[in-house]
Number of protein chains: 6
Amino acid sequence: MGDTMPTIIIEGPPIDIEKKRKLVRELTEVASKIYGIRHITVLIKENSPENVGIDGELLLDRKRKVQT
Amino acid sequence: MGDTMPTIIIEGPPIDIEKKRKLVRELTEVASKIYGIRHITVLIKENSPENVGIDGELLLDRKRKVQT
Amino acid sequence: MGDTMPTIIIEGPPIDIEKKRKLVRELTEVASKIYGIRHITVLIKENSPENVGIDGELLLDRKRKVQT
Amino acid sequence: MGDTMPTIIIEGPPIDIEKKRKLVRELTEVASKIYGIRHITVLIKENSPENVGIDGELLLDRKRKVQT
Amino acid sequence: MGDTMPTIIIEGPPIDIEKKRKLVRELTEVASKIYGIRHITVLIKENSPENVGIDGELLLDRKRKVQT
Amino acid sequence: MGDTMPTIIIEGPPIDIEKKRKLVRELTEVASKIYGIRHITVLIKENSPENVGIDGELLLDRKRKVQT
């Protein structure tokens, strides 16, 4: 089982590089420990608020409401 | 079953924000009705014509042919 | 733009075939109308409750709690 | 930003349910802390060794070699 | 650039193992040559005809029509 | 089986347009031959080095080490 290469794809909002560093380090630690596999690939996907819909509404529009 | 959160990922060409609003609203209505689940996440993925291949050819090149 | 082929991937719980029929028909109608593109591919992904986590807990375990 | 719902898709080998519990709990803790968002969806995808290729070879065939 | 690990996800119909072997071998050759990267992961996803919609109709139903 | 439309999603580093042309042409040839299906969609996903983690480290940081 040792040579499979699990891949983690994480779909979230845009984040800064320091958070990306932590995300990759800590998600890999968790997955590596549980699968018993050292090689893990993480792909961080940053979705802008105008490309995400929650319960039928763009995230962009939900934010505006909260602010006003 | 009520607390799952179906996720719809839609891979298409770039579109304007008004179409994104409609897409999110209407895809969510359909999925929500059929699954019987209120919480739906939609991720709109915009692919530029140089990153999409149809039948072996970049979309970019197919468009050029049509125009000439 | 007419020859791109948008793909919709929908990650949800298992459903019966009649719901699949409706899902494909209606998601395609929506996407087709908004993108102005006739050819749409839909991939329905059925996730068992032991393979979905919501807020840190397997869906399987959340359901059990609700039932007891 | 608080109402986005990051989704983690993890493509790995088949695992037992106790590992799934841990995976969901710990991946969610990490993502929740770094994004500052409570609602996280995790989708565990189990890939059989005959559906994964590493460096041009099915995982199934690589395992056989290791065993002999 | 040499240590990235491109991942190819291929969504298609169910196929036998000999075709999977070829698919993994040949897709990897192509990607490896063009990216200039040796390590490639391929994930083969097999979708049953009742989980795929083409132009608004389940693949399952389209096949039946062709046969009759 | 002839009217399914397999979709290939390839997650890799950014590449120039000439490589994209080759990638789409050759991946399609391979998949088309093995599946026995003419219509293939390819989606090229370009991931910047700050959005990819290998074995717990951002690709961006791994490259810097190699250069110094």
# chains A, B, ... in the order shown; residues from 1 in each chain; ligands from 1
call {"tool": "calpha_fit_and_write", "arguments": {"fixed": "chain D", "moving": "chain B", "output": "compact mmCIF listing (two decimals) with C-alpha atoms, in the first residue's frame"}}
result
# COMPACT_ATOMS: atom_id res chain seq x y z
CA MET B 1 -15.99 35.15 4.81
CA GLY B 2 -17.62 33.13 7.53
CA ASP B 3 -20.32 31.48 5.47
CA THR B 4 -18.35 29.86 2.67
CA MET B 5 -18.21 26.11 2.87
CA PRO B 6 -14.82 24.72 1.92
CA THR B 7 -14.94 21.23 0.47
CA ILE B 8 -12.08 18.75 0.80
CA ILE B 9 -11.99 15.90 -1.70
CA ILE B 10 -9.48 13.20 -0.81
CA GLU B 11 -8.55 10.59 -3.41
CA GLY B 12 -6.89 7.60 -1.75
CA PRO B 13 -6.97 3.81 -1.35
CA PRO B 14 -9.89 2.02 0.39
CA ILE B 15 -9.78 2.40 4.20
CA ASP B 16 -11.84 1.12 7.15
CA ILE B 17 -14.51 3.15 8.88
CA GLU B 18 -12.45 4.01 11.95
CA LYS B 19 -9.83 5.64 9.72
CA LYS B 20 -12.58 7.51 7.88
CA ARG B 21 -13.81 8.89 11.20
CA LYS B 22 -10.34 10.13 12.10
CA LEU B 23 -9.67 11.50 8.63
CA VAL B 24 -12.85 13.55 8.62
CA ARG B 25 -12.35 14.78 12.18
CA GLU B 26 -8.73 15.81 11.78
CA LEU B 27 -8.84 17.22 8.24
CA THR B 28 -11.81 19.35 9.33
CA GLU B 29 -9.98 20.60 12.43
CA VAL B 30 -7.02 21.71 10.32
CA ALA B 31 -9.06 23.39 7.58
CA SER B 32 -11.48 24.96 10.02
CA LYS B 33 -8.66 26.51 12.04
CA ILE B 34 -6.73 27.86 9.06
CA TYR B 35 -9.70 29.20 7.04
CA GLY B 36 -11.50 30.45 10.14
CA ILE B 37 -14.65 28.68 8.90
CA ARG B 38 -16.64 26.13 10.87
CA HIS B 39 -18.56 24.41 8.08
CA ILE B 40 -16.37 22.00 6.14
CA THR B 41 -17.48 19.15 3.87
CA VAL B 42 -15.13 16.20 3.32
CA LEU B 43 -15.64 13.67 0.52
CA ILE B 44 -13.58 10.49 0.85
CA LYS B 45 -12.99 8.80 -2.51
CA GLU B 46 -11.79 5.19 -2.37
CA ASN B 47 -9.90 4.06 -5.47
CA SER B 48 -9.30 0.36 -6.05
CA PRO B 49 -5.71 -0.60 -7.01
CA GLU B 50 -6.82 -1.43 -10.55
CA ASN B 51 -8.03 2.15 -11.08
CA VAL B 52 -4.87 3.98 -10.02
CA GLY B 53 -1.76 4.41 -12.12
CA ILE B 54 1.58 5.52 -10.73
CA ASP B 55 4.33 6.41 -13.20
CA GLY B 56 2.62 4.48 -15.98
CA GLU B 57 1.73 1.30 -14.12
CA LEU B 58 -1.43 0.13 -12.37
CA LEU B 59 -1.06 0.06 -8.62
CA LEU B 60 -2.39 -3.50 -8.80
CA ASP B 61 0.60 -4.60 -10.86
CA ARG B 62 3.12 -2.72 -8.76
CA LYS B 63 1.87 -4.49 -5.64
CA ARG B 64 2.19 -7.91 -7.25
CA LYS B 65 5.81 -7.26 -8.08
CA VAL B 66 6.59 -6.25 -4.54
CA GLN B 67 5.02 -9.45 -3.19
CA THR B 68 6.91 -11.83 -5.48
call {"tool": "select_by_dssp", "arguments": {"residues": "chain D", "states": "strand (DSSP E)", "output": "ChimeraX atom specification"}}
result
/D:7-12,41-46,52-54,57-58
call {"tool": "write_last_selection", "arguments": {"atoms": "N, CA, C and O atoms", "output": "short mmCIF file (atom, residue, chain, number, x, y, z; two decimals), in the first residue's frame"}}
result
data_model
loop_
_atom_site.label_atom_id
_atom_site.label_comp_id
_atom_site.auth_asym_id
_atom_site.auth_seq_id
_atom_site.Cartn_x
_atom_site.Cartn_y
_atom_site.Cartn_z
N THR D 7 -14.74 22.67 0.69
CA THR D 7 -14.93 21.24 0.46
C THR D 7 -13.57 20.59 0.23
O THR D 7 -12.79 21.08 -0.58
N ILE D 8 -13.32 19.51 0.95
CA ILE D 8 -12.08 18.75 0.79
C ILE D 8 -12.43 17.44 0.12
O ILE D 8 -13.25 16.68 0.63
N ILE D 9 -11.81 17.19 -1.03
CA ILE D 9 -11.98 15.90 -1.71
C ILE D 9 -10.67 15.15 -1.58
O ILE D 9 -9.62 15.67 -1.96
N ILE D 10 -10.71 13.95 -1.00
CA ILE D 10 -9.48 13.20 -0.82
C ILE D 10 -9.55 11.89 -1.59
O ILE D 10 -10.42 11.06 -1.37
N GLU D 11 -8.64 11.76 -2.56
CA GLU D 11 -8.57 10.58 -3.42
C GLU D 11 -7.49 9.66 -2.86
O GLU D 11 -6.30 9.99 -2.91
N GLY D 12 -7.89 8.50 -2.32
CA GLY D 12 -6.90 7.59 -1.75
C GLY D 12 -7.33 6.15 -1.93
O GLY D 12 -8.28 5.86 -2.66
N THR D 41 -17.01 20.45 4.38
CA THR D 41 -17.48 19.16 3.87
C THR D 41 -16.27 18.35 3.40
O THR D 41 -15.38 18.90 2.74
N VAL D 42 -16.20 17.09 3.78
CA VAL D 42 -15.13 16.21 3.32
C VAL D 42 -15.74 15.08 2.51
O VAL D 42 -16.72 14.46 2.95
N LEU D 43 -15.21 14.83 1.32
CA LEU D 43 -15.64 13.68 0.51
C LEU D 43 -14.47 12.72 0.39
O LEU D 43 -13.42 13.08 -0.16
N ILE D 44 -14.63 11.51 0.93
CA ILE D 44 -13.58 10.49 0.84
C ILE D 44 -13.84 9.64 -0.39
O ILE D 44 -14.90 9.04 -0.53
N LYS D 45 -12.87 9.60 -1.30
CA LYS D 45 -13.00 8.80 -2.51
C LYS D 45 -12.06 7.61 -2.39
O LYS D 45 -10.85 7.79 -2.21
N GLU D 46 -12.62 6.40 -2.48
CA GLU D 46 -11.81 5.20 -2.37
C GLU D 46 -11.56 4.63 -3.77
O GLU D 46 -12.49 4.28 -4.47
N VAL D 52 -5.89 2.96 -10.30
CA VAL D 52 -4.88 3.99 -10.02
C VAL D 52 -3.59 3.64 -10.76
O VAL D 52 -3.12 2.50 -10.68
N GLY D 53 -3.05 4.59 -11.46
CA GLY D 53 -1.76 4.39 -12.13
C GLY D 53 -0.71 5.30 -11.52
O GLY D 53 -0.98 6.48 -11.28
N ILE D 54 0.44 4.73 -11.24
CA ILE D 54 1.57 5.52 -10.74
C ILE D 54 2.72 5.35 -11.74
O ILE D 54 3.13 4.21 -12.00
N GLU D 57 2.06 2.66 -14.46
CA GLU D 57 1.73 1.28 -14.13
C GLU D 57 0.56 1.25 -13.16
O GLU D 57 0.48 2.07 -12.24
N LEU D 58 -0.35 0.26 -13.35
CA LEU D 58 -1.44 0.13 -12.38
C LEU D 58 -0.88 -0.21 -11.00
O LEU D 58 0.05 -1.01 -10.88
#
